[in-house]
file upload24.cif (mmCIF, C-alpha atoms)
data_query
#
loop_
_atom_site.label_atom_id
_atom_site.label_comp_id
_atom_site.auth_asym_id
_atom_site.auth_seq_id
_atom_site.Cartn_x
_atom_site.Cartn_y
_atom_site.Cartn_z
CA MET A 108 47.53 -7.94 -15.37
CA GLY A 109 47.77 -5.67 -12.32
CA LEU A 110 46.72 -2.75 -14.47
CA LEU A 111 43.66 -4.66 -15.68
CA THR A 112 42.71 -5.70 -12.15
CA GLY A 113 43.06 -2.13 -10.94
CA LEU A 114 40.96 -0.86 -13.81
CA ARG A 115 38.31 -3.48 -13.11
CA LYS A 116 38.23 -2.50 -9.44
CA ARG A 117 37.93 1.15 -10.33
CA LEU A 118 35.10 0.43 -12.78
CA ARG A 119 33.32 -1.67 -10.16
CA PHE A 120 33.63 1.18 -7.65
CA ILE A 121 32.24 3.70 -10.15
CA TYR A 122 29.40 1.28 -10.96
CA ARG A 123 28.55 0.94 -7.25
CA LEU A 124 28.85 4.68 -6.79
CA LEU A 125 26.55 5.46 -9.68
CA LEU A 126 24.05 2.63 -9.64
CA ARG A 127 23.98 1.25 -6.16
CA LYS A 128 23.39 2.78 -2.80
CA ASP A 129 25.24 1.99 0.41
CA LYS A 130 21.91 1.54 2.14
CA LEU A 131 18.41 1.11 0.89
CA LYS A 132 15.23 2.76 2.07
CA ILE A 133 12.65 0.03 2.57
CA GLY A 134 9.06 1.08 3.20
CA ILE A 135 6.64 -0.99 5.26
CA TYR A 136 3.20 -0.49 3.73
CA GLY A 137 -0.25 -1.93 4.16
CA PRO A 138 -3.78 -1.26 5.35
CA PRO A 139 -4.44 -0.23 8.99
CA ASN A 140 -3.99 -3.01 11.58
CA ALA A 141 -2.09 -5.36 9.25
CA GLY A 142 0.86 -5.38 11.67
CA LYS A 143 3.26 -2.90 10.04
CA THR A 144 4.60 -1.43 13.28
CA THR A 145 4.76 -4.90 14.87
CA LEU A 146 6.92 -6.00 11.92
CA ALA A 147 9.09 -2.86 12.13
CA ASN A 148 9.54 -3.52 15.85
CA ARG A 149 10.45 -7.16 15.18
CA ILE A 150 13.09 -6.16 12.61
CA LEU A 151 14.56 -3.47 14.86
CA ARG A 152 14.48 -5.66 17.98
CA ASP A 153 16.27 -8.49 16.16
CA TRP A 154 18.98 -6.32 14.60
CA THR A 155 19.36 -3.22 16.79
CA GLY A 156 17.74 -4.16 20.12
CA ASP A 157 15.44 -1.16 19.77
CA ILE A 158 11.81 -0.66 18.71
CA MET A 159 10.04 1.68 16.28
CA GLY A 160 6.81 2.47 18.13
CA SER A 161 3.84 1.10 20.03
CA PRO A 162 1.38 -1.02 18.06
CA SER A 163 -2.30 -0.83 18.98
CA GLU A 164 -5.58 -2.55 18.21
CA ILE A 165 -7.04 0.89 17.44
CA PRO A 166 -6.72 1.58 13.71
CA HIS A 167 -4.39 4.38 12.55
CA GLU A 168 -2.12 4.22 15.61
CA THR A 169 0.80 5.21 13.34
CA ARG A 170 -0.12 8.58 11.85
CA ARG A 171 3.33 9.83 10.90
CA VAL A 172 6.03 8.09 8.91
CA LYS A 173 8.78 6.79 11.18
CA LEU A 174 12.30 6.27 9.92
CA ARG A 175 15.09 4.21 11.46
CA GLU A 176 18.37 4.45 9.59
CA GLY A 177 21.18 1.97 9.17
CA VAL A 178 19.65 -1.35 10.22
CA LYS A 179 22.15 -4.10 9.34
CA ILE A 180 20.60 -7.45 8.48
CA GLN A 181 23.02 -10.39 8.21
CA VAL A 182 22.00 -13.58 6.47
CA ASP A 183 24.38 -16.38 5.42
CA GLY A 184 27.40 -14.08 5.67
CA LYS A 185 25.74 -11.39 3.55
CA THR A 186 24.99 -7.99 5.11
CA VAL A 187 22.27 -5.67 3.87
CA THR A 188 21.96 -2.22 5.41
CA ILE A 189 18.50 -0.74 5.21
CA ASP A 190 16.66 2.30 6.44
CA VAL A 191 13.32 1.07 7.78
CA VAL A 192 10.39 3.36 6.93
CA ASP A 193 7.26 2.50 8.91
CA THR A 194 4.25 4.15 7.27
CA PRO A 195 0.70 4.93 8.41
CA GLY A 196 -1.97 2.52 7.18
CA LEU A 197 -3.45 3.37 3.80
CA ALA A 198 -7.21 3.79 3.50
CA THR A 199 -9.78 5.34 1.17
CA LYS A 200 -12.03 6.40 4.03
CA ILE A 201 -11.56 7.55 7.61
CA ASP A 202 -14.60 7.93 9.84
CA PHE A 203 -14.03 9.40 13.29
CA HIS A 204 -17.06 7.42 14.56
CA ASP A 205 -14.92 4.26 14.25
CA PHE A 206 -12.61 5.59 16.98
CA LEU A 207 -15.48 6.35 19.37
CA LYS A 208 -15.92 2.56 19.80
CA TYR A 209 -12.56 2.54 21.59
CA GLY A 210 -13.74 4.95 24.26
CA MET A 211 -12.32 8.16 22.81
CA SER A 212 -14.06 11.50 23.19
CA GLU A 213 -15.49 13.02 20.01
CA GLU A 214 -12.81 15.70 20.01
CA GLU A 215 -10.04 13.13 20.40
CA ALA A 216 -11.57 10.89 17.70
CA LYS A 217 -11.83 13.79 15.25
CA ARG A 218 -8.23 14.80 15.92
CA ARG A 219 -7.08 11.23 15.35
CA ALA A 220 -9.10 11.05 12.11
CA LYS A 221 -7.56 14.31 10.86
CA GLU A 222 -4.04 13.10 11.67
CA ALA A 223 -4.83 9.78 9.99
CA THR A 224 -5.81 11.53 6.73
CA GLU A 225 -2.51 13.44 6.82
CA GLY A 226 -0.68 10.17 7.50
CA VAL A 227 -2.20 8.52 4.41
CA ILE A 228 -1.03 11.43 2.23
CA GLU A 229 2.46 11.27 3.74
CA ALA A 230 2.66 7.49 3.16
CA ILE A 231 1.72 7.90 -0.52
CA LYS A 232 4.29 10.68 -1.01
CA TRP A 233 7.04 8.49 0.48
CA LEU A 234 6.56 5.94 -2.33
CA ASP A 235 8.70 8.16 -4.57
CA ASP A 236 11.70 8.01 -2.21
CA LEU A 237 11.94 4.28 -1.58
CA ASP A 238 14.12 1.49 -2.96
CA GLY A 239 11.90 -1.43 -1.99
CA ILE A 240 8.65 -2.30 -0.25
CA LEU A 241 7.50 -4.77 2.36
CA LEU A 242 3.74 -4.90 1.87
CA VAL A 243 2.13 -6.28 5.01
CA MET A 244 -1.21 -8.05 4.64
CA ASP A 245 -3.27 -9.61 7.40
CA ALA A 246 -3.41 -13.31 6.40
CA THR A 247 -6.72 -13.72 8.24
CA GLU A 248 -8.42 -11.10 6.02
CA ASP A 249 -9.55 -11.06 2.39
CA PRO A 250 -6.49 -9.85 0.41
CA PHE A 251 -8.57 -8.46 -2.49
CA THR A 252 -9.11 -5.06 -0.88
CA GLN A 253 -8.88 -1.90 -2.95
CA VAL A 254 -6.03 -0.63 -0.79
CA ASN A 255 -3.95 -3.75 -1.51
CA VAL A 256 -4.77 -3.60 -5.23
CA THR A 257 -3.83 0.11 -5.37
CA ILE A 258 -0.57 -0.32 -3.45
CA VAL A 259 0.53 -3.29 -5.56
CA GLY A 260 -0.38 -1.36 -8.74
CA ASN A 261 1.66 1.65 -7.65
CA ILE A 262 4.66 -0.46 -6.64
CA GLU A 263 4.55 -2.26 -9.99
CA ALA A 264 4.20 1.04 -11.88
CA ARG A 265 7.29 2.38 -10.08
CA LYS A 266 9.11 -0.93 -10.69
CA LEU A 267 10.09 -1.19 -7.03
CA PRO A 268 11.14 -4.58 -5.64
CA LEU A 269 8.33 -5.97 -3.50
CA ILE A 270 7.93 -8.66 -0.88
CA ILE A 271 4.41 -9.34 0.37
CA VAL A 272 4.47 -10.26 4.06
CA ALA A 273 1.51 -12.50 4.91
CA ASN A 274 1.31 -11.59 8.59
CA LYS A 275 -0.53 -13.11 11.57
CA ILE A 276 0.03 -16.76 10.60
CA ASP A 277 -0.13 -17.62 14.31
CA LEU A 278 -3.91 -17.09 14.15
CA PRO A 279 -6.06 -20.15 13.37
CA ASN A 280 -7.91 -18.73 10.35
CA ALA A 281 -4.80 -17.35 8.62
CA SER A 282 -4.42 -18.28 4.96
CA PRO A 283 -1.22 -17.14 3.23
CA ALA A 284 -2.33 -19.31 0.26
CA ARG A 285 -5.24 -16.93 -0.31
CA ILE A 286 -2.77 -14.03 -0.62
CA LYS A 287 -0.58 -16.09 -2.96
CA SER A 288 -3.54 -16.79 -5.23
CA ALA A 289 -4.54 -13.11 -5.21
CA PHE A 290 -1.06 -11.82 -6.11
CA PRO A 291 0.67 -14.80 -7.81
CA GLN A 292 3.23 -12.58 -9.57
CA HIS A 293 4.87 -11.56 -6.27
CA GLN A 294 6.96 -13.24 -3.60
CA ILE A 295 4.93 -14.00 -0.48
CA VAL A 296 6.57 -14.69 2.88
CA PRO A 297 4.21 -15.96 5.61
CA VAL A 298 5.21 -14.75 9.09
CA SER A 299 3.95 -13.89 12.51
CA ALA A 300 5.68 -10.59 13.30
CA LEU A 301 4.27 -10.77 16.83
CA LYS A 302 5.56 -14.27 17.63
CA GLY A 303 8.58 -14.20 15.30
CA ILE A 304 7.37 -17.28 13.40
CA ASN A 305 9.23 -17.80 10.08
CA ILE A 306 10.91 -14.40 10.48
CA ASP A 307 14.28 -15.82 9.34
CA SER A 308 12.71 -16.59 5.96
CA LEU A 309 11.75 -12.94 5.70
CA TYR A 310 15.32 -11.80 6.48
CA LYS A 311 16.60 -14.19 3.83
CA ALA A 312 14.09 -12.81 1.32
CA ILE A 313 15.10 -9.22 2.23
CA ALA A 314 18.78 -10.04 1.69
CA GLU A 315 18.07 -11.70 -1.65
CA LYS A 316 15.58 -9.17 -2.96
CA PHE A 317 17.04 -5.91 -1.72
CA GLY A 318 20.70 -6.81 -1.22
CA MET B 147 -35.17 8.26 -3.26
CA GLY B 148 -32.96 6.68 -5.91
CA VAL B 149 -29.22 6.79 -6.32
CA GLN B 150 -27.79 8.46 -9.41
CA MET B 151 -25.13 6.52 -11.31
CA ASN B 152 -22.78 8.18 -13.78
CA LEU B 153 -21.34 5.68 -16.26
CA ILE B 154 -18.29 7.20 -17.96
CA SER B 155 -17.19 5.68 -21.25
CA LYS B 156 -13.65 4.76 -22.28
CA GLU B 157 -13.80 7.43 -25.02
CA ARG B 158 -14.75 10.19 -22.60
CA LEU B 159 -12.11 9.13 -20.09
CA SER B 160 -9.39 9.08 -22.74
CA LYS B 161 -10.02 12.79 -23.41
CA MET B 162 -9.64 13.75 -19.75
CA GLY B 163 -6.48 14.57 -17.84
CA SER B 164 -5.72 12.88 -14.49
CA MET B 165 -6.79 15.81 -12.29
CA GLU B 166 -9.86 16.36 -14.45
CA LYS B 167 -10.93 12.76 -13.82
CA ILE B 168 -10.23 13.02 -10.08
CA ARG B 169 -12.16 16.29 -9.77
CA MET B 170 -15.11 14.84 -11.69
CA ILE B 171 -15.11 11.70 -9.49
CA LEU B 172 -14.90 13.55 -6.18
CA ASP B 173 -17.48 16.19 -7.14
CA SER B 174 -19.95 13.46 -8.12
CA VAL B 175 -19.23 11.25 -5.09
CA LYS B 176 -19.58 14.17 -2.67
CA GLU B 177 -23.04 14.74 -4.14
CA GLY B 178 -23.90 11.14 -3.25
CA LYS B 179 -23.57 9.76 -6.79
CA ILE B 180 -21.99 6.47 -7.87
CA VAL B 181 -19.41 6.77 -10.65
CA VAL B 182 -18.63 3.85 -12.97
CA LEU B 183 -15.51 4.18 -15.12
CA GLU B 184 -15.36 1.86 -18.12
CA THR B 185 -11.55 1.70 -18.10
CA GLY B 186 -10.80 2.78 -14.55
CA LEU B 187 -7.74 4.71 -13.44
CA THR B 188 -4.02 4.06 -13.64
CA PRO B 189 -2.30 3.12 -10.33
CA GLU B 190 -0.83 6.63 -10.14
CA GLU B 191 -4.27 8.17 -10.64
CA GLU B 192 -5.72 5.93 -7.94
CA ALA B 193 -3.00 7.09 -5.53
CA LYS B 194 -3.75 10.72 -6.44
CA LEU B 195 -7.46 10.07 -5.92
CA ILE B 196 -6.75 8.72 -2.42
CA GLU B 197 -4.53 11.73 -1.61
CA GLN B 198 -7.16 14.19 -2.82
CA THR B 199 -9.89 12.29 -0.94
CA MET B 200 -7.88 12.55 2.29
CA LEU B 201 -7.53 16.31 1.76
CA GLU B 202 -11.29 16.71 1.31
CA ILE B 203 -12.56 14.55 4.18
CA ASP B 204 -14.34 16.95 6.52
CA HIS B 205 -15.29 14.38 9.22
CA GLU B 206 -18.94 15.52 9.05
CA ASN B 207 -20.46 15.18 5.57
CA PHE B 208 -17.70 13.43 3.67
CA ILE B 209 -15.77 10.53 5.25
CA GLY B 210 -14.13 9.20 2.10
CA ILE B 211 -14.75 6.94 -0.84
CA GLU B 212 -15.26 3.29 -1.57
CA VAL B 213 -13.47 2.14 -4.72
CA GLU B 214 -14.08 -1.16 -6.44
CA SER B 215 -11.87 -2.32 -9.27
CA TYR B 216 -10.25 -5.53 -10.47
CA PRO B 217 -6.48 -6.02 -10.12
CA TYR B 218 -4.43 -4.54 -12.97
CA LYS B 219 -3.49 -6.66 -15.94
CA GLU B 220 -0.70 -6.04 -18.43
CA LYS B 221 -2.16 -7.49 -21.56
CA SER B 222 -1.70 -5.15 -24.49
CA VAL B 223 1.46 -4.88 -26.59
CA PHE B 224 1.64 -1.23 -25.49
CA SER B 225 1.58 -2.18 -21.85
CA ARG B 226 4.19 -4.90 -22.38
CA LEU B 227 6.47 -2.52 -24.27
CA PHE B 228 6.11 0.53 -22.05
CA GLY B 229 4.95 -0.98 -18.79
CA LYS B 230 1.83 1.21 -18.89
CA LYS B 231 -0.97 -0.35 -16.92
CA GLN B 232 -4.47 -0.22 -18.26
CA GLY B 233 -7.13 0.37 -15.61
CA ARG B 234 -10.16 -1.90 -15.50
CA LEU B 235 -13.83 -1.30 -14.79
CA THR B 236 -14.03 0.73 -11.60
CA VAL B 237 -16.92 1.74 -9.37
CA ILE B 238 -16.48 4.65 -6.96
CA GLY B 239 -18.99 5.92 -4.44
CA PRO B 240 -19.34 7.62 -1.07
CA ALA B 241 -17.94 5.39 1.72
CA ASN B 242 -21.21 5.68 3.65
CA ARG B 243 -23.34 4.47 0.71
CA LEU B 244 -21.25 1.93 -1.23
CA LYS B 245 -20.14 -1.24 0.55
CA THR B 246 -18.08 -4.13 -0.79
CA LEU B 247 -19.70 -7.50 -0.16
CA GLU B 248 -17.25 -9.74 -1.93
CA LYS B 249 -14.30 -9.25 -4.20
CA GLN B 250 -12.46 -11.79 -6.32
CA GLU B 251 -10.07 -11.50 -9.24
CA ASP B 252 -12.91 -11.29 -11.75
CA LEU B 253 -16.01 -10.64 -9.65
CA ILE B 254 -17.06 -7.75 -7.43
CA LYS B 255 -20.26 -7.75 -5.38
CA ALA B 256 -21.22 -4.41 -3.86
CA LEU B 257 -24.19 -2.94 -2.05
CA ILE B 258 -25.54 0.58 -2.54
CA THR B 259 -27.62 1.93 0.31
#
call {"tool": "encode", "arguments": {"input": "upload24.cif", "output": "structure tokens"}}
result
Amino acid sequence: MGLLTGLRKRLRFIYRLLLRKDKLKIGIYGPPNAGKTTLANRILRDWTGDIMGSPSEIPHETRRVKLREGVKIQVDGKTVTIDVVDTPGLATKIDFHDFLKYGMSEEEAKRRAKEATEGVIEAIKWLDDLDGILLVMDATEDPFTQVNVTIVGNIEARKLPLIIVANKIDLPNASPARIKSAFPQHQIVPVSALKGINIDSLYKAIAEKFG
Amino acid sequence: MGVQMNLISKERLSKMGSMEKIRMILDSVKEGKIVVLETGLTPEEEAKLIEQTMLEIDHENFIGIEVESYPYKEKSVFSRLFGKKQGRLTVIGPANRLKTLEKQEDLIKALIT
């Protein structure tokens, strides 16, 4: 009996060693200004007391992938350790004129636009190194954008576990139901990353989906 | 002055490699043309198209692309067996000329200027 138990334990260890990872790399994806960095900050603040970066109303504030390793999320006695990967917003176009509206000089706006294009490429390349995705959508916006369709298609093609975070539910015109009807095949968790509304449901979903 | 539209058939697309399609799309779009693909691109090809677009944005003449396609559907036996996603009708144009007005699961309204 003891021999069998020992063998089972050894097999379980080998299984974990070969097929499971101690910690999972979870990417936070979405279009610009969906609230990706705000969500990353919320997760880090809740579980490490730290933050990832400064969010901004100016699009493409995050222009480099940011990684925070070893974030332990505990839900109902279960612990999931994840590396949080905050990515630049994905877009099919970047016009430096859009940044001029925020009072930037032309030179500064062009530099930001160039960095933003590099950030989009980096975000796409990271898709190959991740174990799961939190796709952040602004619940006040139309979810049927090409960026959302392309990201969901790529996540499905790579067979990565996905949670769609319907963010900004604190705003009056938010409609997580619209996102649910656009992507009915995926789990949707409505939250306000800024206010922390329903954030425990997201942690529970992370533990269940990625744990 | 009119806008040229290139409508690419399923047969022609099936004979092209991924980079060949992307090159053809970007060359046409940078010349101000609208490209309509009967069967669209795979998700991986769309991601490559975005990457290549980002590399070619020059912040003066070319600011990127507007892409319009319906969400992917896994309908065929092939796609169910192998998980291969079939692209759907896709319209691609220069971001400064093609604008999305409304997009639903089975309806796209766009404006060409």
call {"tool": "resolve_selection", "arguments": {"input": "upload24.cif", "expression": "the PyMOL selection byres ((chain A and resi 248-257) around 10)", "output": "ChimeraX atom specification"}}
result
/A:136-139,141,196-199,242-247,258-263,273,275,280-283,285-290 /B:188-193,196,212-218,246,248-251,254
call {"tool": "write_last_selection", "arguments": {"input": "upload24.cif", "atoms": "C-alpha atoms", "output": "PDB file, keeping the file's coordinate frame"}}
result
ATOM      1  CA  TYR A 136       3.200  -0.490   3.730  1.00  0.00           C
ATOM      2  CA  GLY A 137      -0.250  -1.930   4.160  1.00  0.00           C
ATOM      3  CA  PRO A 138      -3.780  -1.260   5.350  1.00  0.00           C
ATOM      4  CA  PRO A 139      -4.440  -0.230   8.990  1.00  0.00           C
ATOM      5  CA  ALA A 141      -2.090  -5.360   9.250  1.00  0.00           C
ATOM      6  CA  GLY A 196      -1.970   2.520   7.180  1.00  0.00           C
ATOM      7  CA  LEU A 197      -3.450   3.370   3.800  1.00  0.00           C
ATOM      8  CA  ALA A 198      -7.210   3.790   3.500  1.00  0.00           C
ATOM      9  CA  THR A 199      -9.780   5.340   1.170  1.00  0.00           C
ATOM     10  CA  LEU A 242       3.740  -4.900   1.870  1.00  0.00           C
ATOM     11  CA  VAL A 243       2.130  -6.280   5.010  1.00  0.00           C
ATOM     12  CA  MET A 244      -1.210  -8.050   4.640  1.00  0.00           C
ATOM     13  CA  ASP A 245      -3.270  -9.610   7.400  1.00  0.00           C
ATOM     14  CA  ALA A 246      -3.410 -13.310   6.400  1.00  0.00           C
ATOM     15  CA  THR A 247      -6.720 -13.720   8.240  1.00  0.00           C
ATOM     16  CA  ILE A 258      -0.570  -0.320  -3.450  1.00  0.00           C
ATOM     17  CA  VAL A 259       0.530  -3.290  -5.560  1.00  0.00           C
ATOM     18  CA  GLY A 260      -0.380  -1.360  -8.740  1.00  0.00           C
ATOM     19  CA  ASN A 261       1.660   1.650  -7.650  1.00  0.00           C
ATOM     20  CA  ILE A 262       4.660  -0.460  -6.640  1.00  0.00           C
ATOM     21  CA  GLU A 263       4.550  -2.260  -9.990  1.00  0.00           C
ATOM     22  CA  ALA A 273       1.510 -12.500   4.910  1.00  0.00           C
ATOM     23  CA  LYS A 275      -0.530 -13.110  11.570  1.00  0.00           C
ATOM     24  CA  ASN A 280      -7.910 -18.730  10.350  1.00  0.00           C
ATOM     25  CA  ALA A 281      -4.800 -17.350   8.620  1.00  0.00           C
ATOM     26  CA  SER A 282      -4.420 -18.280   4.960  1.00  0.00           C
ATOM     27  CA  PRO A 283      -1.220 -17.140   3.230  1.00  0.00           C
ATOM     28  CA  ARG A 285      -5.240 -16.930  -0.310  1.00  0.00           C
ATOM     29  CA  ILE A 286      -2.770 -14.030  -0.620  1.00  0.00           C
ATOM     30  CA  LYS A 287      -0.580 -16.090  -2.960  1.00  0.00           C
ATOM     31  CA  SER A 288      -3.540 -16.790  -5.230  1.00  0.00           C
ATOM     32  CA  ALA A 289      -4.540 -13.110  -5.210  1.00  0.00           C
ATOM     33  CA  PHE A 290      -1.060 -11.820  -6.110  1.00  0.00           C
TER      34      PHE A 290
ATOM     35  CA  THR B 188      -4.020   4.060 -13.640  1.00  0.00           C
ATOM     36  CA  PRO B 189      -2.300   3.120 -10.330  1.00  0.00           C
ATOM     37  CA  GLU B 190      -0.830   6.630 -10.140  1.00  0.00           C
ATOM     38  CA  GLU B 191      -4.270   8.170 -10.640  1.00  0.00           C
ATOM     39  CA  GLU B 192      -5.720   5.930  -7.940  1.00  0.00           C
ATOM     40  CA  ALA B 193      -3.000   7.090  -5.530  1.00  0.00           C
ATOM     41  CA  ILE B 196      -6.750   8.720  -2.420  1.00  0.00           C
ATOM     42  CA  GLU B 212     -15.260   3.290  -1.570  1.00  0.00           C
ATOM     43  CA  VAL B 213     -13.470   2.140  -4.720  1.00  0.00           C
ATOM     44  CA  GLU B 214     -14.080  -1.160  -6.440  1.00  0.00           C
ATOM     45  CA  SER B 215     -11.870  -2.320  -9.270  1.00  0.00           C
ATOM     46  CA  TYR B 216     -10.250  -5.530 -10.470  1.00  0.00           C
ATOM     47  CA  PRO B 217      -6.480  -6.020 -10.120  1.00  0.00           C
ATOM     48  CA  TYR B 218      -4.430  -4.540 -12.970  1.00  0.00           C
ATOM     49  CA  THR B 246     -18.080  -4.130  -0.790  1.00  0.00           C
ATOM     50  CA  GLU B 248     -17.250  -9.740  -1.930  1.00  0.00           C
ATOM     51  CA  LYS B 249     -14.300  -9.250  -4.200  1.00  0.00           C
ATOM     52  CA  GLN B 250     -12.460 -11.790  -6.320  1.00  0.00           C
ATOM     53  CA  GLU B 251     -10.070 -11.500  -9.240  1.00  0.00           C
ATOM     54  CA  ILE B 254     -17.060  -7.750  -7.430  1.00  0.00           C
TER      55      ILE B 254
END
call {"tool": "residues_around", "arguments": {"input": "upload24.cif", "residues": "Met165 of chain B", "least_positions_apart": "5", "cutoff": "9 Å", "atoms": "all atoms listed in the file", "output": "list in words"}}
result
Met170, Glu191, Lys194 and Leu195 of chain B
call {"tool": "resolve_selection", "arguments": {"input": "upload24.cif", "expression": "the PyMOL selection byres ((chain A and resi 226-232) around 6)", "output": "PyMOL selection string"}}
result
(chain A and resi 170-171+194-195+197+223-225+233-234) or (chain B and resi 197)
call {"tool": "resolve_selection", "arguments": {"input": "upload24.cif", "expression": "the PyMOL selection byres ((chain A and resi 206-208) around 12)", "output": "ChimeraX atom specification"}}
result
/A:164-168,201-205,209-221,223
call {"tool": "atom_distance", "arguments": {"input": "upload24.cif", "atom1": "atom CA of Met147 of chain B", "atom2": "atom CA of Gly239 of chain B"}}
result
16.4 Å
call {"tool": "closest_residue", "arguments": {"input": "upload24.cif", "among": "A:Asp277, A:Asp183, A:Asp193, A:Glu222", "to": "chain B", "atoms": "all atoms listed in the file"}}
result
A:Glu222
call {"tool": "closest_residue", "arguments": {"input": "upload24.cif", "among": "A:Ile270, A:Ser163, A:Gly142, A:Val182", "to": "Ile295 of chain A", "atoms": "only C-alpha atoms"}}
result
A:Ile270
call {"tool": "atom_distance", "arguments": {"input": "upload24.cif", "atom1": "atom CA of Pro162 of chain A", "atom2": "atom CA of Leu247 of chain B"}}
result
28.6 Å
call {"tool": "atom_distance", "arguments": {"input": "upload24.cif", "atom1": "atom CA of Lys167 of chain B", "atom2": "atom CA of Leu235 of chain B"}}
result
14.4 Å
call {"tool": "closest_residue", "arguments": {"input": "upload24.cif", "among": "B:Leu253, B:Val237, B:Leu201, B:Leu183", "to": "chain A", "atoms": "all atoms listed in the file"}}
result
B:Leu201
call {"tool": "closest_residue", "arguments": {"input": "upload24.cif", "among": "A:Ala314, A:Leu114, A:Leu269, A:Ala264", "to": "chain B", "atoms": "all atoms listed in the file"}}
result
A:Ala264
call {"tool": "closest_residue", "arguments": {"input": "upload24.cif", "among": "B:Glu166, B:Gln150, B:Leu172, B:Thr259", "to": "Met200 of chain B", "atoms": "all atoms listed in the file"}}
result
B:Leu172
call {"tool": "residues_near_point", "arguments": {"input": "upload24.cif", "point": "(-10.2, -1.1, -17.7)", "cutoff": "7 Å", "atoms": "only C-alpha atoms", "output": "number ranges by chain"}}
result
B: 184-186, 232-235
call {"tool": "closest_residue", "arguments": {"input": "upload24.cif", "among": "A:Gly318, A:Pro291, A:Gly184, A:Pro279", "to": "chain B", "atoms": "all atoms listed in the file"}}
result
A:Pro291
call {"tool": "residues_near_point", "arguments": {"input": "upload24.cif", "point": "(8.4, -3.0, 3.5)", "cutoff": "6 Å", "atoms": "only C-alpha atoms", "output": "PDB file with C-alpha atoms, in the coordinates of the input"}}
result
ATOM      1  CA  ILE A 133      12.650   0.030   2.570  1.00  0.00           C
ATOM      2  CA  GLY A 134       9.060   1.080   3.200  1.00  0.00           C
ATOM      3  CA  ILE A 135       6.640  -0.990   5.260  1.00  0.00           C
ATOM      4  CA  TYR A 136       3.200  -0.490   3.730  1.00  0.00           C
ATOM      5  CA  ILE A 240       8.650  -2.300  -0.250  1.00  0.00           C
ATOM      6  CA  LEU A 241       7.500  -4.770   2.360  1.00  0.00           C
ATOM      7  CA  LEU A 242       3.740  -4.900   1.870  1.00  0.00           C
TER       8      LEU A 242
END
call {"tool": "residues_around", "arguments": {"input": "upload24.cif", "residues": "Phe317 of chain A", "least_positions_apart": "5", "cutoff": "12 Å", "atoms": "only C-alpha atoms", "output": "list in words"}}
result
Arg127, Lys128, Asp129, Lys130, Leu131, Lys132, Ile133, Gly134, Ile180, Lys185, Thr186, Val187, Thr188, Ile189, Asp190, Leu237, Asp238, Gly239, Ile240, Leu241, Leu267, Pro268, Leu269, Ile270, Leu309, Tyr310, Lys311 and Ala312 of chain A
call {"tool": "axis_aligned_box", "arguments": {"input": "upload24.cif", "around": "segment 204-219 of chain B", "padding_each_side": "5 Å", "output": "lines of an AutoDock Vina configuration file"}}
result
center_x = -12.0
center_y = 5.1
center_z = -3.4
size_x = 27.0
size_y = 33.6
size_z = 35.2
call {"tool": "decode", "arguments": {"input": "upload24.cif", "residues": "segment 233-249 of chain B", "atoms": "C-alpha atoms", "output": "PDB file, in the first residue's frame"}}
result
ATOM      1  CA  GLY B 233     -11.812  33.744 -42.162  1.00  0.00           C
ATOM      2  CA  ARG B 234     -14.924  35.576 -43.305  1.00  0.00           C
ATOM      3  CA  LEU B 235     -15.519  38.414 -45.737  1.00  0.00           C
ATOM      4  CA  THR B 236     -13.051  41.160 -44.883  1.00  0.00           C
ATOM      5  CA  VAL B 237     -12.673  44.738 -46.054  1.00  0.00           C
ATOM      6  CA  ILE B 238      -9.347  46.520 -45.545  1.00  0.00           C
ATOM      7  CA  GLY B 239      -8.531  50.104 -46.395  1.00  0.00           C
ATOM      8  CA  PRO B 240      -6.382  53.058 -45.397  1.00  0.00           C
ATOM      9  CA  ALA B 241      -7.316  54.290 -41.889  1.00  0.00           C
ATOM     10  CA  ASN B 242      -7.787  57.831 -43.199  1.00  0.00           C
ATOM     11  CA  ARG B 243     -10.282  56.760 -45.899  1.00  0.00           C
ATOM     12  CA  LEU B 244     -12.271  53.821 -44.501  1.00  0.00           C
ATOM     13  CA  LYS B 245     -14.379  54.386 -41.386  1.00  0.00           C
ATOM     14  CA  THR B 246     -16.568  51.919 -39.517  1.00  0.00           C
ATOM     15  CA  LEU B 247     -20.074  53.237 -38.912  1.00  0.00           C
ATOM     16  CA  GLU B 248     -21.631  50.226 -37.273  1.00  0.00           C
ATOM     17  CA  LYS B 249     -20.635  46.652 -36.699  1.00  0.00           C
TER      18      LYS B 249
END
